[in-house]
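Before any comments, here is the structure.
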Amino acid sequence: MAHLHLGLLAYWLVNTIRHQLKPHGINSGWREIVRTMNTQKAVTTLAQNQQDQVIMIRRCSEPNQNVRKLYDALKYKYAPFTKRKSVVHKSELENEQFIEIQAMALG
């Protein structure tokens with residue numbers, strides 16, 4: 001039953017976004033919207049400092065003109081998140097569970 005609810009939620013989400021874009025003259029199909037939005041990337045950089053700590057920085061790339069047009073039409077911010085920086089002791093980073101938790105938290 002859950003797959004039915006998720007399917008309805010996805011259908012509702014896609015149609016709501018496309019409906020919001022139509023008044024702005026954007027009549028692209030969903031695949032084209034996804035392809036355009038996939039040009040903006042999130043980048044995670046890991047570095048180790050002298051205290052044997054791992055510094056993790058996560059940033060979002062600058063959106064191109066087509067992505068900005070979609071964001072403006074939907075009244076979204078250009079960056080889904082601000083720059084995130086965290087410092088982790090190397091021993092914690094080697095713990096497999098910590099890596100999985102961080103991956104889930106960062107999306």
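Convention: chains lettered A, B, ... in structure tokens order; per-chain residue numbering from 1; ligands numbered from 1 as shown.
The environment of region 26-28 of chain A within 12 Å, counting only C-alpha atoms and disregarding residues fewer than 4 places along the same chain, consists of Val14, Asn15, Ile17, Arg18, His19, Gln20, Leu21, Lys22, Glu32, Ile33, Val34, Arg35, Thr36, Asn66, Val67, Lys69, Leu70, Tyr71, Asp72, Ala73 and Leu74 of chain A.
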Just C-alpha atoms for this one: save the residues we selected as a PDB file, in the first residue's frame.
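The new file selection.pdb reads:
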```
ATOM      1  CA  VAL A  14       5.337  16.710 -10.439  1.00  0.00           C
ATOM      2  CA  ASN A  15       2.021  18.191 -11.512  1.00  0.00           C
ATOM      3  CA  ILE A  17       5.615  22.028 -10.003  1.00  0.00           C
ATOM      4  CA  ARG A  18       4.651  21.947 -13.696  1.00  0.00           C
ATOM      5  CA  HIS A  19       1.442  23.892 -12.913  1.00  0.00           C
ATOM      6  CA  GLN A  20       3.478  26.577 -11.086  1.00  0.00           C
ATOM      7  CA  LEU A  21       5.882  26.866 -14.039  1.00  0.00           C
ATOM      8  CA  LYS A  22       3.214  27.261 -16.762  1.00  0.00           C
ATOM      9  CA  GLU A  32      13.686  18.195 -19.177  1.00  0.00           C
ATOM     10  CA  ILE A  33      13.132  19.936 -15.829  1.00  0.00           C
ATOM     11  CA  VAL A  34      15.098  17.223 -14.012  1.00  0.00           C
ATOM     12  CA  ARG A  35      17.892  17.340 -16.637  1.00  0.00           C
ATOM     13  CA  THR A  36      18.144  21.116 -16.244  1.00  0.00           C
ATOM     14  CA  ASN A  66      18.190  28.026 -16.941  1.00  0.00           C
ATOM     15  CA  VAL A  67      18.212  26.783 -13.352  1.00  0.00           C
ATOM     16  CA  LYS A  69      14.846  30.820 -14.295  1.00  0.00           C
ATOM     17  CA  LEU A  70      13.196  27.744 -12.748  1.00  0.00           C
ATOM     18  CA  TYR A  71      14.104  28.871  -9.215  1.00  0.00           C
ATOM     19  CA  ASP A  72      12.696  32.347  -9.871  1.00  0.00           C
ATOM     20  CA  ALA A  73       9.446  30.932 -11.251  1.00  0.00           C
ATOM     21  CA  LEU A  74       9.057  28.661  -8.210  1.00  0.00           C
TER      22      LEU A  74
END
```
In chain A, DSSP helix (DSSP H, G or I) residues written as a ChimeraX atom specification
/A:2-24,30-37,65-74,90-94,96-106
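Considering only C-alpha atoms, the residue among A:Ala79, A:Arg84, A:Ser61, A:Gly7 positioned nearest to Lys41 (chain A) is A:Ser61.
Of the listed residues A:Met1, A:Arg58, A:Asn64, A:Tyr76, the one whose atoms come nearest to Met37 (chain A) is A:Asn64, with distances taken using only C-alpha atoms.
Of the residues in chain A, those given strand (DSSP E or B) by DSSP on the backbone are A:Ala42, A:Val43, A:Thr44, A:Thr45, A:Leu46, A:Ala47, A:Gln48, A:Gln53, A:Val54, A:Ile55, A:Met56, A:Ile57, A:Arg58, A:Arg59, A:Cys60, A:Arg84, A:Lys85, A:Ser86, A:Val87, A:Val88, A:His89.
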Using only C-alpha atoms, which of A:Val87, A:Ala2, A:Ala10, A:Ala42 sits nearest Arg59 (chain A)?
A:Ala42
Any idea what's packed within 12 Å of Cys60 (chain A), counting only C-alpha atoms, ignoring anything in its chain fewer than 3 positions away? Could you give it as a PyMOL selection string?
chain A and resi 38-45+57+63+77-84+106
Expected file: the selected residues, C-alpha atoms, as a compact mmCIF listing (two decimals), in the first residue's frame:
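Generated file (selection21.txt):
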```
# COMPACT_ATOMS: atom_id res chain seq x y z
CA ASN A 38 20.81 18.25 -12.43
CA THR A 39 23.33 20.79 -13.74
CA GLN A 40 23.57 22.25 -10.23
CA LYS A 41 25.71 20.04 -7.99
CA ALA A 42 26.55 19.67 -4.32
CA VAL A 43 30.27 19.13 -3.64
CA THR A 44 31.79 17.60 -0.50
CA THR A 45 35.49 18.13 0.21
CA ILE A 57 33.11 21.16 3.70
CA PRO A 63 23.12 27.62 -10.77
CA LYS A 77 16.50 30.22 -3.23
CA TYR A 78 19.40 29.66 -5.64
CA ALA A 79 21.22 27.45 -3.14
CA PRO A 80 19.34 24.70 -1.30
CA PHE A 81 21.70 25.05 1.67
CA THR A 82 24.48 27.31 2.89
CA LYS A 83 28.11 26.24 3.11
CA ARG A 84 28.48 23.56 5.79
CA LEU A 106 24.16 15.47 4.01
```
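One distance worth recording is that between CA of Pro23 (chain A) and CA of Gln65 (chain A), which is 18.5 Å.
In this structure, CA of Thr16 (chain A) sits 14.9 Å away from CA of Arg31 (chain A).
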